[in-house]
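Enquirer: After the structure tokens below, expect a handful of questions from me.
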Amino acid sequence: MPTKQQNRQTKNKPTRVPVSGIRDILAVYGKDPNFEYRFVKDTNEGGMRIHTFMRGGWTFTEGGDHSSIVVGDECVYKSEKGHGSIVRYPADAGAFLYLMQIPKELYDEDQQAKEDAILEIEDQITRKRSSEHDELGQYGSIKISRD
């Protein structure tokens, strides 16, 4: 049976990943189930896309010593100890990915609004033919399958 000292050493020992192994630098661990998370890409310092998300209720996710959020596997540009700063990763061509979060209730409201808009369009596409619509050139029928 392992001693307490051996258990501590095992806990602190990083898992070895072969050079050809898969690394996921954008996986998010330790998420709060009351929030929805996503990376938002912004390509310039003006931050217009970030401001759009912020107006929609999204906030930056903070990392660091006092956060349960851990993002991705180890990489060179990621420091081990943060200082409560926002989670930001480099993307392509000078852009950055910012980890943002929104309360689950707001996220669900947004998803329902998108679903309602889609259903409205589908209702318009599949509406029944009537004499009133004949003059609009509507004929035949359309069925949408939800498999």
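Chain identifiers are assigned as A, B, and so on, following the order in which chains appear in the structure tokens; residues are numbered from 1 within each chain, and ligands are numbered from 1 in order of appearance.
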Please provide as a list of chain:residue names all residues within 9 Å of Leu97 in chain A, with the sequence filter that same-chain residues fewer than 5 positions apart are discarded (counting only C-alpha atoms).

Expert: A:Phe39, A:Val40, A:Lys41, A:Asp42, A:Thr43, A:Val87, A:Arg88, A:Tyr89, A:Pro90, A:Ala91

Enquirer: Can you write just those residues out, C-alpha atoms, as a PDB file, in the first residue's frame?

Expert:
```
ATOM      1  CA  PHE A  39     -14.226  31.340 -26.850  1.00  0.00           C
ATOM      2  CA  VAL A  40     -14.784  34.598 -28.707  1.00  0.00           C
ATOM      3  CA  LYS A  41     -12.276  35.557 -31.386  1.00  0.00           C
ATOM      4  CA  ASP A  42     -11.397  39.198 -31.804  1.00  0.00           C
ATOM      5  CA  THR A  43      -9.074  40.301 -34.553  1.00  0.00           C
ATOM      6  CA  VAL A  87      -8.404  33.990 -20.039  1.00  0.00           C
ATOM      7  CA  ARG A  88      -6.891  34.894 -23.417  1.00  0.00           C
ATOM      8  CA  TYR A  89      -5.111  32.717 -25.994  1.00  0.00           C
ATOM      9  CA  PRO A  90      -3.387  33.671 -29.236  1.00  0.00           C
ATOM     10  CA  ALA A  91      -5.173  32.704 -32.443  1.00  0.00           C
TER      11      ALA A  91
END
```

Enquirer: Go through A:Arg16, A:Lys143, A:Lys31, A:Arg38 and flag the residue nearest Met100 in chain A, using only C-alpha atoms for the distances.

Expert: A:Arg38

Enquirer: Identify which of the residues A:Ile125, A:Ala27, A:Gln101, A:Glu115 lies closest to Ile50 in chain A, counting only C-alpha atoms when measuring atom-to-atom distances.

Expert: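 Checking each of A:Ile125, A:Ala27, A:Gln101, A:Glu115 against Ile50 in chain A, counting only C-alpha atoms, the winner is A:Gln101.
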
Enquirer: Which residues, written as a list in words, have at least one atom at most 7 Å from Val71 in chain A, with only C-alpha atoms counted and residues fewer than 2 positions away on the same chain left out?

Expert: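 Once the adjacent positions are removed, what remains is Ile25, Leu26, Ala27, Val28, Tyr29, Ile69 and Asp73 of chain A.
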
Enquirer: Residues of the last selection are to be written out with N, CA and C atoms, as a short mmCIF file (atom, residue, chain, number, x, y, z; two decimals), in the first residue's frame.

Expert:
```cif
data_model
loop_
_atom_site.label_atom_id
_atom_site.label_comp_id
_atom_site.auth_asym_id
_atom_site.auth_seq_id
_atom_site.Cartn_x
_atom_site.Cartn_y
_atom_site.Cartn_z
N ILE A 25 -5.45 22.36 -26.33
CA ILE A 25 -5.09 23.58 -25.62
C ILE A 25 -6.30 24.46 -25.31
N LEU A 26 -7.47 24.16 -25.88
CA LEU A 26 -8.65 24.99 -25.63
C LEU A 26 -9.74 24.28 -24.82
N ALA A 27 -9.45 23.11 -24.29
CA ALA A 27 -10.43 22.43 -23.44
C ALA A 27 -10.58 23.25 -22.15
N VAL A 28 -11.81 23.37 -21.66
CA VAL A 28 -12.06 24.15 -20.44
C VAL A 28 -12.50 23.18 -19.35
N TYR A 29 -11.76 23.18 -18.25
CA TYR A 29 -12.06 22.31 -17.11
C TYR A 29 -12.48 23.15 -15.91
N ILE A 69 -11.35 27.52 -12.94
CA ILE A 69 -11.23 27.34 -14.39
C ILE A 69 -9.79 27.02 -14.76
N ASP A 73 -4.32 21.99 -22.15
CA ASP A 73 -3.10 21.33 -21.74
C ASP A 73 -1.99 22.36 -21.66
#
```

Enquirer: Go through A:Gly72, A:Gly47, A:Pro33, A:Gly57 one by one, measure the shortest atom-to-atom distance of each to Phe96 in chain A using only C-alpha atoms, and give the residue with the smallest value.

Expert: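 So, comparing all the options, the nearest one is A:Gly47.
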
Enquirer: Given the choices A:Gly30, A:Ile118, A:Ser20, A:Glu36, which gets closest to Glu105 in chain A if the distance is worked out from only C-alpha atoms?

Expert: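 That would be A:Glu36, the residue with the smallest distance to Glu105 in chain A.
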